[in-house]
>>> print(open('my_file.cif').read())   # mmCIF, C-alpha atoms
data_coords
loop_
_atom_site.group_PDB
_atom_site.id
_atom_site.type_symbol
_atom_site.label_atom_id
_atom_site.label_comp_id
_atom_site.auth_asym_id
_atom_site.auth_seq_id
_atom_site.Cartn_x
_atom_site.Cartn_y
_atom_site.Cartn_z
ATOM 1 C CA MET E 1005 0.000 0.000 0.000
ATOM 2 C CA SER E 1006 1.350 3.369 -1.022
ATOM 3 C CA ASN E 1007 1.478 6.363 1.314
ATOM 4 C CA ALA E 1008 2.820 8.635 -1.414
ATOM 5 C CA THR E 1009 0.766 11.712 -2.259
ATOM 6 C CA PRO E 1010 -1.145 11.292 -5.554
ATOM 7 C CA ILE E 1011 0.239 13.354 -8.424
ATOM 8 C CA PRO E 1012 -2.278 14.936 -10.821
ATOM 9 C CA GLU E 1013 -1.717 14.670 -14.560
ATOM 10 C CA THR E 1014 0.033 17.694 -16.032
ATOM 11 C CA GLN E 1015 -0.490 17.491 -19.810
ATOM 12 C CA GLU E 1016 -2.500 20.731 -19.760
ATOM 13 C CA LEU E 1017 0.257 22.731 -18.130
ATOM 14 C CA GLU E 1018 2.419 24.948 -20.300
ATOM 15 C CA THR E 1019 5.251 25.800 -17.983
ATOM 16 C CA GLU E 1020 9.007 26.015 -18.109
ATOM 17 C CA SER E 1021 11.185 23.279 -19.542
ATOM 18 C CA PRO E 1022 12.314 20.327 -17.365
ATOM 19 C CA LYS E 1023 15.790 21.863 -17.169
ATOM 20 C CA GLU E 1024 14.439 25.183 -15.885
ATOM 21 C CA LEU E 1025 12.160 23.461 -13.376
ATOM 22 C CA VAL E 1026 14.992 21.332 -11.969
ATOM 23 C CA ALA E 1027 17.151 24.456 -11.677
ATOM 24 C CA GLN E 1028 14.403 26.218 -9.712
ATOM 25 C CA VAL E 1029 13.713 23.263 -7.428
ATOM 26 C CA THR E 1030 17.448 22.509 -6.843
ATOM 27 C CA LEU E 1031 18.922 19.041 -7.174
ATOM 28 C CA ARG E 1032 19.163 18.570 -3.422
ATOM 29 C CA ARG E 1033 15.440 19.112 -2.878
ATOM 30 C CA LEU E 1034 14.576 16.908 -5.849
ATOM 31 C CA ALA E 1035 16.817 14.091 -4.592
ATOM 32 C CA THR E 1036 15.496 14.321 -1.032
ATOM 33 C CA LYS E 1037 11.854 14.362 -2.059
ATOM 34 C CA SER E 1038 12.405 11.523 -4.528
ATOM 35 C CA VAL E 1039 13.904 9.268 -1.855
ATOM 36 C CA GLN E 1040 11.033 10.128 0.477
ATOM 37 C CA ARG E 1041 8.506 9.310 -2.243
ATOM 38 C CA LEU E 1042 10.298 6.033 -3.030
ATOM 39 C CA ASN E 1043 10.201 5.051 0.635
ATOM 40 C CA ALA E 1044 6.560 6.098 1.066
ATOM 41 C CA ALA E 1045 5.551 3.909 -1.863
ATOM 42 C CA ASP E 1046 7.530 0.915 -0.539
ATOM 43 C CA GLY E 1047 9.701 1.193 -3.633
ATOM 44 C CA PHE E 1048 12.592 -0.691 -2.028
ATOM 45 C CA SER E 1049 10.441 -3.827 -1.766
ATOM 46 C CA TYR E 1050 9.505 -3.532 -5.434
ATOM 47 C CA ALA E 1051 13.195 -3.109 -6.289
ATOM 48 C CA ARG E 1052 13.992 -6.403 -4.548
ATOM 49 C CA SER E 1053 11.171 -8.155 -6.384
ATOM 50 C CA ILE E 1054 12.357 -6.779 -9.733
ATOM 51 C CA GLY E 1055 15.920 -7.857 -8.956
ATOM 52 C CA PHE E 1056 14.770 -11.408 -8.229
ATOM 53 C CA GLN E 1057 12.955 -11.603 -11.565
ATOM 54 C CA LEU E 1058 16.008 -10.225 -13.383
ATOM 55 C CA VAL E 1059 18.091 -13.100 -12.018
ATOM 56 C CA LEU E 1060 15.480 -15.596 -13.182
ATOM 57 C CA ALA E 1061 15.485 -13.954 -16.621
ATOM 58 C CA ALA E 1062 19.273 -13.670 -16.991
ATOM 59 C CA LEU E 1063 20.274 -17.317 -16.553
ATOM 60 C CA PRO E 1064 17.855 -18.913 -19.064
ATOM 61 C CA GLY E 1065 18.367 -15.877 -21.291
ATOM 62 C CA ILE E 1066 22.071 -16.716 -21.569
ATOM 63 C CA ILE E 1067 21.221 -20.292 -22.535
ATOM 64 C CA PHE E 1068 18.759 -18.983 -25.120
ATOM 65 C CA LEU E 1069 21.311 -16.629 -26.700
ATOM 66 C CA ILE E 1070 23.936 -19.357 -26.894
ATOM 67 C CA ALA E 1071 21.403 -21.755 -28.423
ATOM 68 C CA VAL E 1072 20.330 -19.163 -31.002
ATOM 69 C CA ALA E 1073 23.959 -18.524 -31.894
ATOM 70 C CA MET E 1074 24.577 -22.226 -32.429
ATOM 71 C CA TRP E 1075 21.426 -22.816 -34.482
ATOM 72 C CA THR E 1076 22.030 -19.800 -36.716
ATOM 73 C CA GLY E 1077 25.806 -20.201 -36.905
ATOM 74 C CA ASN E 1078 26.224 -16.639 -35.593
ATOM 75 C CA GLU E 1079 29.794 -16.679 -34.290
ATOM 76 C CA THR E 1080 29.648 -12.977 -33.376
ATOM 77 C CA LEU E 1081 26.770 -13.509 -30.946
ATOM 78 C CA ARG E 1082 28.353 -16.607 -29.415
ATOM 79 C CA THR E 1083 31.747 -14.946 -28.994
ATOM 80 C CA THR E 1084 30.160 -11.813 -27.520
ATOM 81 C CA VAL E 1085 28.162 -13.734 -24.920
ATOM 82 C CA GLU E 1086 31.082 -15.991 -23.957
ATOM 83 C CA GLY E 1087 33.554 -13.099 -23.804
ATOM 84 C CA THR E 1088 31.220 -10.989 -21.676
ATOM 85 C CA LEU E 1089 30.559 -13.796 -19.190
ATOM 86 C CA THR E 1090 34.245 -14.619 -18.870
ATOM 87 C CA SER E 1091 35.346 -11.000 -18.431
ATOM 88 C CA LEU E 1092 32.705 -10.263 -15.778
ATOM 89 C CA SER E 1093 33.209 -13.449 -13.773
ATOM 90 C CA PRO E 1094 35.624 -13.350 -10.815
ATOM 91 C CA GLY E 1095 38.094 -16.079 -9.904
ATOM 92 C CA PRO E 1096 37.077 -19.698 -10.459
ATOM 93 C CA THR E 1097 33.628 -18.677 -11.682
ATOM 94 C CA ALA E 1098 34.934 -18.022 -15.201
ATOM 95 C CA GLU E 1099 35.876 -21.682 -15.591
ATOM 96 C CA LEU E 1100 32.515 -22.792 -14.206
ATOM 97 C CA LEU E 1101 30.616 -20.540 -16.613
ATOM 98 C CA SER E 1102 32.738 -21.706 -19.529
ATOM 99 C CA GLU E 1103 31.752 -25.300 -18.751
ATOM 100 C CA ALA E 1104 28.083 -24.247 -18.563
ATOM 101 C CA VAL E 1105 28.355 -22.465 -21.914
ATOM 102 C CA ASP E 1106 30.000 -25.521 -23.501
ATOM 103 C CA GLN E 1107 27.211 -27.719 -22.185
ATOM 104 C CA ALA E 1108 24.606 -25.291 -23.538
ATOM 105 C CA GLU E 1109 26.308 -25.382 -26.937
ATOM 106 C CA ASP E 1110 26.294 -29.180 -26.992
ATOM 107 C CA ARG E 1111 22.593 -29.277 -26.106
ATOM 108 C CA ALA E 1112 21.751 -26.579 -28.619
ATOM 109 C CA ARG E 1113 23.261 -28.528 -31.496
ATOM 110 C CA GLY E 1114 20.662 -31.261 -31.267
ATOM 111 C CA ASP E 1115 17.845 -30.118 -29.021
ATOM 112 C CA ILE E 1116 15.628 -27.231 -30.118
ATOM 113 C CA ILE E 1117 13.532 -27.727 -26.985
ATOM 114 C CA ALA E 1118 16.414 -26.396 -24.872
ATOM 115 C CA MET E 1119 16.476 -23.218 -26.931
ATOM 116 C CA ILE E 1120 12.710 -22.735 -26.770
ATOM 117 C CA ALA E 1121 12.577 -23.478 -23.031
ATOM 118 C CA GLY E 1122 15.324 -20.973 -22.305
ATOM 119 C CA GLY E 1123 13.599 -18.284 -24.359
ATOM 120 C CA VAL E 1124 10.187 -18.892 -22.765
ATOM 121 C CA ALA E 1125 11.647 -18.892 -19.236
ATOM 122 C CA ALA E 1126 13.582 -15.662 -19.839
ATOM 123 C CA LEU E 1127 10.586 -13.950 -21.438
ATOM 124 C CA THR E 1128 8.252 -15.068 -18.639
ATOM 125 C CA SER E 1129 10.539 -13.696 -15.921
ATOM 126 C CA GLY E 1130 11.080 -10.515 -17.927
ATOM 127 C CA THR E 1131 7.319 -10.070 -18.247
ATOM 128 C CA VAL E 1132 6.808 -10.494 -14.502
ATOM 129 C CA ALA E 1133 9.630 -8.020 -13.871
ATOM 130 C CA MET E 1134 7.964 -5.410 -16.102
ATOM 131 C CA SER E 1135 4.671 -6.044 -14.321
ATOM 132 C CA GLN E 1136 6.402 -5.349 -11.010
ATOM 133 C CA VAL E 1137 7.869 -2.143 -12.454
ATOM 134 C CA ALA E 1138 4.375 -1.011 -13.482
ATOM 135 C CA GLU E 1139 2.898 -1.798 -10.073
ATOM 136 C CA GLY E 1140 5.752 -0.038 -8.286
ATOM 137 C CA ALA E 1141 5.392 2.984 -10.578
ATOM 138 C CA ASP E 1142 1.697 3.212 -9.747
ATOM 139 C CA ARG E 1143 2.456 3.278 -6.039
ATOM 140 C CA ILE E 1144 5.134 5.938 -6.488
ATOM 141 C CA TYR E 1145 2.652 8.144 -8.348
ATOM 142 C CA GLY E 1146 0.146 7.557 -5.549
ATOM 143 C CA ILE E 1147 -2.147 5.366 -7.678
ATOM 144 C CA LYS E 1148 -3.998 2.723 -5.674
ATOM 145 C CA ARG E 1149 -5.557 0.771 -8.564
ATOM 146 C CA ASP E 1150 -3.617 -1.178 -11.205
ATOM 147 C CA ARG E 1151 -4.600 -2.145 -14.730
ATOM 148 C CA PRO E 1152 -6.862 -5.203 -15.189
ATOM 149 C CA PRO E 1153 -4.691 -8.357 -15.029
ATOM 150 C CA LEU E 1154 -4.975 -9.338 -18.704
ATOM 151 C CA ARG E 1155 -4.150 -5.841 -19.917
ATOM 152 C CA ARG E 1156 -1.404 -5.473 -17.344
ATOM 153 C CA TYR E 1157 0.485 -8.610 -18.367
ATOM 154 C CA ALA E 1158 -0.081 -8.019 -22.076
ATOM 155 C CA GLN E 1159 1.587 -4.623 -21.723
ATOM 156 C CA ALA E 1160 4.332 -6.132 -19.565
ATOM 157 C CA LEU E 1161 5.038 -8.685 -22.320
ATOM 158 C CA LEU E 1162 5.402 -5.921 -24.913
ATOM 159 C CA LEU E 1163 7.689 -3.977 -22.571
ATOM 160 C CA ALA E 1164 9.806 -7.082 -21.964
ATOM 161 C CA LEU E 1165 10.239 -7.533 -25.717
ATOM 162 C CA GLY E 1166 10.820 -3.884 -26.613
ATOM 163 C CA VAL E 1167 12.363 -2.157 -23.625
ATOM 164 C CA GLY E 1168 14.054 -5.384 -22.549
ATOM 165 C CA ALA E 1169 15.845 -5.563 -25.897
ATOM 166 C CA LEU E 1170 17.150 -2.017 -25.395
ATOM 167 C CA PHE E 1171 18.412 -2.909 -21.911
ATOM 168 C CA VAL E 1172 20.192 -5.991 -23.274
ATOM 169 C CA THR E 1173 21.736 -3.840 -26.010
ATOM 170 C CA ALA E 1174 22.934 -1.307 -23.448
ATOM 171 C CA PHE E 1175 24.377 -4.012 -21.215
ATOM 172 C CA PHE E 1176 26.301 -5.839 -23.932
ATOM 173 C CA ALA E 1177 27.486 -2.606 -25.552
ATOM 174 C CA ILE E 1178 29.125 -1.517 -22.301
ATOM 175 C CA ALA E 1179 30.104 -4.858 -20.767
ATOM 176 C CA SER E 1180 31.511 -6.528 -23.884
ATOM 177 C CA GLY E 1181 33.609 -3.661 -25.182
ATOM 178 C CA GLU E 1182 36.864 -5.578 -25.591
ATOM 179 C CA THR E 1183 35.172 -8.623 -27.123
ATOM 180 C CA LEU E 1184 33.233 -6.603 -29.696
ATOM 181 C CA GLY E 1185 36.317 -4.529 -30.379
ATOM 182 C CA GLU E 1186 38.199 -7.670 -31.326
ATOM 183 C CA ILE E 1187 35.319 -8.778 -33.544
ATOM 184 C CA VAL E 1188 35.014 -5.491 -35.470
ATOM 185 C CA GLY E 1189 38.797 -5.270 -35.693
ATOM 186 C CA ASP E 1190 39.273 -1.875 -34.038
ATOM 187 C CA ASP E 1191 39.588 -2.078 -30.274
ATOM 188 C CA SER E 1192 40.393 1.588 -29.689
ATOM 189 C CA VAL E 1193 37.363 2.978 -31.544
ATOM 190 C CA TRP E 1194 34.809 0.624 -30.011
ATOM 191 C CA LEU E 1195 36.213 0.979 -26.484
ATOM 192 C CA TRP E 1196 35.161 4.634 -26.645
ATOM 193 C CA LEU E 1197 32.099 4.244 -28.875
ATOM 194 C CA ARG E 1198 30.472 1.638 -26.637
ATOM 195 C CA TRP E 1199 29.807 4.217 -23.900
ATOM 196 C CA PRO E 1200 27.603 6.639 -25.866
ATOM 197 C CA VAL E 1201 25.858 3.702 -27.557
ATOM 198 C CA GLY E 1202 25.168 1.927 -24.265
ATOM 199 C CA ILE E 1203 24.193 5.063 -22.350
ATOM 200 C CA PHE E 1204 21.881 6.250 -25.124
ATOM 201 C CA ALA E 1205 20.154 2.856 -25.268
ATOM 202 C CA ALA E 1206 19.738 2.779 -21.461
ATOM 203 C CA VAL E 1207 18.335 6.332 -21.221
ATOM 204 C CA VAL E 1208 15.857 5.692 -24.044
ATOM 205 C CA ALA E 1209 14.833 2.344 -22.515
ATOM 206 C CA MET E 1210 14.189 3.819 -19.083
ATOM 207 C CA SER E 1211 12.383 6.895 -20.409
ATOM 208 C CA VAL E 1212 10.075 4.779 -22.585
ATOM 209 C CA LEU E 1213 9.473 2.442 -19.640
ATOM 210 C CA TYR E 1214 8.566 5.383 -17.399
ATOM 211 C CA LYS E 1215 6.216 6.653 -20.104
ATOM 212 C CA ALA E 1216 4.345 3.362 -20.501
ATOM 213 C CA ALA E 1217 4.440 1.727 -17.069
ATOM 214 C CA PRO E 1218 2.223 3.905 -14.789
ATOM 215 C CA TYR E 1219 -1.554 3.560 -15.060
ATOM 216 C CA ARG E 1220 -2.084 7.211 -15.974
ATOM 217 C CA ARG E 1221 -1.510 9.698 -18.784
ATOM 218 C CA GLN E 1222 2.147 10.566 -18.607
ATOM 219 C CA PRO E 1223 3.652 13.921 -19.661
ATOM 220 C CA PRO E 1224 5.689 14.247 -22.883
ATOM 221 C CA LEU E 1225 8.808 12.115 -23.050
ATOM 222 C CA ARG E 1226 11.109 15.105 -22.478
ATOM 223 C CA TRP E 1227 9.707 15.448 -18.954
ATOM 224 C CA LEU E 1228 10.677 11.834 -18.235
ATOM 225 C CA LEU E 1229 14.249 12.133 -19.473
ATOM 226 C CA VAL E 1230 15.367 13.482 -16.084
ATOM 227 C CA GLY E 1231 14.181 10.264 -14.443
ATOM 228 C CA GLY E 1232 15.589 8.165 -17.283
ATOM 229 C CA ALA E 1233 18.987 9.828 -17.003
ATOM 230 C CA THR E 1234 18.960 9.426 -13.210
ATOM 231 C CA GLY E 1235 18.098 5.737 -13.447
ATOM 232 C CA THR E 1236 20.849 5.225 -16.029
ATOM 233 C CA VAL E 1237 23.453 6.991 -13.874
ATOM 234 C CA LEU E 1238 22.465 4.904 -10.845
ATOM 235 C CA TRP E 1239 22.575 1.703 -12.914
ATOM 236 C CA LEU E 1240 25.973 2.504 -14.416
ATOM 237 C CA ALA E 1241 27.429 3.523 -11.048
ATOM 238 C CA ALA E 1242 26.227 0.313 -9.397
ATOM 239 C CA SER E 1243 27.313 -1.899 -12.313
ATOM 240 C CA ILE E 1244 30.766 -0.365 -12.717
ATOM 241 C CA GLY E 1245 31.363 -0.196 -8.965
ATOM 242 C CA LEU E 1246 30.358 -3.815 -8.450
ATOM 243 C CA SER E 1247 32.420 -4.949 -11.440
ATOM 244 C CA LEU E 1248 35.522 -3.167 -10.125
ATOM 245 C CA TYR E 1249 34.996 -4.609 -6.658
ATOM 246 C CA LEU E 1250 34.650 -8.169 -7.975
ATOM 247 C CA ALA E 1251 37.708 -7.745 -10.187
ATOM 248 C CA MET E 1252 39.919 -6.246 -7.471
ATOM 249 C CA SER E 1253 38.728 -8.179 -4.432
ATOM 250 C CA SER E 1254 40.344 -11.578 -3.992
ATOM 251 C CA THR E 1255 38.503 -11.997 -0.671
ATOM 252 C CA PHE E 1256 35.094 -12.123 -2.368
ATOM 253 C CA SER E 1257 36.206 -14.841 -4.783
ATOM 254 C CA ASP E 1258 37.985 -16.832 -2.074
ATOM 255 C CA LEU E 1259 34.954 -16.631 0.207
ATOM 256 C CA TYR E 1260 32.267 -17.742 -2.260
ATOM 257 C CA GLY E 1261 34.381 -19.817 -4.658
ATOM 258 C CA PRO E 1262 32.443 -20.998 -7.732
ATOM 259 C CA LEU E 1263 29.329 -19.246 -6.390
ATOM 260 C CA ALA E 1264 30.995 -15.826 -6.561
ATOM 261 C CA GLY E 1265 29.646 -15.118 -10.033
ATOM 262 C CA PHE E 1266 26.100 -16.039 -9.030
ATOM 263 C CA ILE E 1267 26.310 -13.899 -5.883
ATOM 264 C CA GLY E 1268 27.623 -11.058 -8.038
ATOM 265 C CA LEU E 1269 24.713 -11.498 -10.451
ATOM 266 C CA MET E 1270 22.211 -11.285 -7.592
ATOM 267 C CA LEU E 1271 23.845 -8.121 -6.245
ATOM 268 C CA TRP E 1272 23.847 -6.556 -9.719
ATOM 269 C CA ALA E 1273 20.163 -7.437 -10.202
ATOM 270 C CA GLN E 1274 19.228 -5.875 -6.858
ATOM 271 C CA PHE E 1275 21.105 -2.691 -7.687
ATOM 272 C CA SER E 1276 19.497 -2.612 -11.145
ATOM 273 C CA GLY E 1277 16.017 -2.909 -9.638
ATOM 274 C CA LEU E 1278 16.792 -0.104 -7.229
ATOM 275 C CA ALA E 1279 18.103 2.078 -10.080
ATOM 276 C CA LEU E 1280 14.886 1.495 -12.048
ATOM 277 C CA MET E 1281 12.667 2.455 -9.134
ATOM 278 C CA GLY E 1282 14.892 5.384 -8.193
ATOM 279 C CA GLY E 1283 14.566 6.802 -11.704
ATOM 280 C CA ILE E 1284 10.776 6.463 -11.560
ATOM 281 C CA ALA E 1285 10.717 8.287 -8.215
ATOM 282 C CA VAL E 1286 12.686 11.182 -9.715
ATOM 283 C CA ALA E 1287 10.411 11.337 -12.783
ATOM 284 C CA ALA E 1288 7.345 11.348 -10.512
ATOM 285 C CA GLN E 1289 8.773 14.037 -8.242
ATOM 286 C CA VAL E 1290 9.600 16.265 -11.214
ATOM 287 C CA GLU E 1291 5.941 16.092 -12.245
ATOM 288 C CA ALA E 1292 4.850 16.669 -8.647
ATOM 289 C CA GLU E 1293 6.931 19.846 -8.512
ATOM 290 C CA ARG E 1294 5.494 20.904 -11.866
ATOM 291 C CA ALA E 1295 1.950 20.459 -10.508
ATOM 292 C CA GLY E 1296 2.759 22.265 -7.270
ATOM 293 C CA VAL E 1297 2.356 19.187 -5.059
ATOM 294 C CA THR E 1298 4.948 19.710 -2.347
ATOM 295 C CA ASP E 1299 3.760 17.066 0.137
ATOM 296 C CA VAL E 1300 5.247 13.613 -0.322
ATOM 297 C CA LEU E 1301 3.435 11.641 2.373
ATOM 298 C CA VAL E 1302 -0.332 11.308 2.626
ATOM 299 C CA GLU E 1303 -1.306 12.864 5.944
ATOM 300 C CA GLU E 1304 -5.074 12.790 5.443
ATOM 301 C CA THR E 1305 -7.477 10.298 3.955
ATOM 302 C CA GLU E 1306 -6.817 9.179 0.428
ATOM 303 C CA ASP E 1307 -9.714 11.247 -0.977
ATOM 304 C CA GLY E 1308 -8.682 14.327 0.979
ATOM 305 C CA ALA E 1309 -5.129 14.176 -0.318
ATOM 306 C CA LEU E 1310 -6.316 13.774 -3.893
ATOM 307 C CA VAL E 1311 -8.606 16.790 -3.639
ATOM 308 C CA THR E 1312 -5.733 18.865 -2.294
ATOM 309 C CA ALA E 1313 -3.514 17.842 -5.209
ATOM 310 C CA LYS E 1314 -6.220 18.722 -7.720
ATOM 311 C CA GLU E 1315 -6.803 22.074 -6.078
ATOM 312 C CA LYS E 1316 -3.114 22.941 -6.398
ATOM 313 C CA MET E 1317 -3.229 21.871 -10.021
ATOM 314 C CA ALA E 1318 -6.249 24.092 -10.645
ATOM 315 C CA GLN E 1319 -4.459 27.052 -9.118
ATOM 316 C CA LYS E 1320 -1.561 26.617 -11.535
ATOM 317 C CA LEU E 1321 -3.951 26.386 -14.490
ATOM 318 C CA SER E 1322 -5.888 29.522 -13.485
#
>>> encode(input="my_file.cif", output="structure tokens")
Amino acid sequence: MSNATPIPETQELETESPKELVAQVTLRRLATKSVQRLNAADGFSYARSIGFQLVLAALPGIIFLIAVAMWTGNETLRTTVEGTLTSLSPGPTAELLSEAVDQAEDRARGDIIAMIAGGVAALTSGTVAMSQVAEGADRIYGIKRDRPPLRRYAQALLLALGVGALFVTAFFAIASGETLGEIVGDDSVWLWLRWPVGIFAAVVAMSVLYKAAPYRRQPPLRWLLVGGATGTVLWLAASIGLSLYLAMSSTFSDLYGPLAGFIGLMLWAQFSGLALMGGIAVAAQVEAERAGVTDVLVEETEDGALVTAKEKMAQKLS
């Protein structure tokens, strides 16, 4: 149950640009209010749920990609996936993952069911993850009622296919820089080019997700770019920081042994879920500031708080 103040829709407002509004509000106020809104909507619980589904989607998704590469004879895809897994895996985990990839390749050569099962499992978990994002976004915006189940999961499936593909593109563009550089034959160019490509894909993916996920009419996409950029920065910071820690820390690898890579994947998924929800909270708070809704927590009844928000909106329109 969300205790976040409902935010009225702001399509009718013709105010300053997002950049001007953020400058007026100040980044400190926006960050503080966003964290308060995230906490009031129980966004941290949704982040954990999203992270769990990302783990369930990642493992069969890897098997699916390897199987597709083997069936289509796409050496670039296979080399990219293998190189990325090996480079991101600490200590003895790289050898364990290599054995798993080899086994997946052997199965893929003669068993199409393995490929289909991996794809269905990854898509199912991705769909549930997008459904959790939508539900969490509704709570952050102060919405108590979700879409009807059939419509909700149909939209989540489309988001998993579309936005999910952009997220995968962003991840592999950034994480597999050296591998793709070797494939295209110019390491130096791709090592620099991968960052704008990956960041652009991540910002677009998050902004589109924030546009489609909440059960309300969202403002134009430019008003959601602040949240999309914030979510991308949080995701990159967590991913790069965790990757550096796993690469530099021998203690982590010694402690968890072959499970180190799996533990690292779970940590990355949790941080990714938190980045997604954090970006939504910022996007929602930007719209709240635009509508003149300064309260974050509901201090009255639900109906009373909603009337107050609408009254403030009417004052801005008059």
>>> atom_distance(input="my_file.cif", atom1="atom CA of E:Ser1135", atom2="atom CA of E:Ala1160")
5.3 Å
>>> resolve_selection(input="my_file.cif", expression="the PyMOL selection byres ((chain E and resi 1210) around 10)", output="mmCIF file with C-alpha atoms, keeping the file's coordinate frame")
data_model
loop_
_atom_site.group_PDB
_atom_site.id
_atom_site.type_symbol
_atom_site.label_atom_id
_atom_site.label_comp_id
_atom_site.auth_asym_id
_atom_site.auth_seq_id
_atom_site.Cartn_x
_atom_site.Cartn_y
_atom_site.Cartn_z
ATOM 1 C CA VAL E 1167 12.363 -2.157 -23.625
ATOM 2 C CA GLY E 1168 14.054 -5.384 -22.549
ATOM 3 C CA LEU E 1170 17.150 -2.017 -25.395
ATOM 4 C CA PHE E 1171 18.412 -2.909 -21.911
ATOM 5 C CA ALA E 1205 20.154 2.856 -25.268
ATOM 6 C CA ALA E 1206 19.738 2.779 -21.461
ATOM 7 C CA VAL E 1207 18.335 6.332 -21.221
ATOM 8 C CA VAL E 1208 15.857 5.692 -24.044
ATOM 9 C CA ALA E 1209 14.833 2.344 -22.515
ATOM 10 C CA SER E 1211 12.383 6.895 -20.409
ATOM 11 C CA VAL E 1212 10.075 4.779 -22.585
ATOM 12 C CA LEU E 1213 9.473 2.442 -19.640
ATOM 13 C CA TYR E 1214 8.566 5.383 -17.399
ATOM 14 C CA LYS E 1215 6.216 6.653 -20.104
ATOM 15 C CA ALA E 1216 4.345 3.362 -20.501
ATOM 16 C CA LEU E 1228 10.677 11.834 -18.235
ATOM 17 C CA LEU E 1229 14.249 12.133 -19.473
ATOM 18 C CA GLY E 1231 14.181 10.264 -14.443
ATOM 19 C CA GLY E 1232 15.589 8.165 -17.283
ATOM 20 C CA ALA E 1233 18.987 9.828 -17.003
ATOM 21 C CA THR E 1234 18.960 9.426 -13.210
ATOM 22 C CA GLY E 1235 18.098 5.737 -13.447
ATOM 23 C CA THR E 1236 20.849 5.225 -16.029
ATOM 24 C CA ALA E 1279 18.103 2.078 -10.080
ATOM 25 C CA LEU E 1280 14.886 1.495 -12.048
ATOM 26 C CA GLY E 1283 14.566 6.802 -11.704
ATOM 27 C CA ILE E 1284 10.776 6.463 -11.560
#
>>> closest_residue(input="my_file.cif", among="E:Ala1027, E:Ala1044, E:Ala1217, E:Ala1133", to="E:Asp1150", atoms="all atoms listed in the file")
E:Ala1217
>>> atom_distance(input="my_file.cif", atom1="atom CA of E:Gly1065", atom2="atom CA of E:Phe1266")
14.5 Å
>>> atom_distance(input="my_file.cif", atom1="atom CA of E:Glu1016", atom2="atom CA of E:Pro1223")
9.2 Å
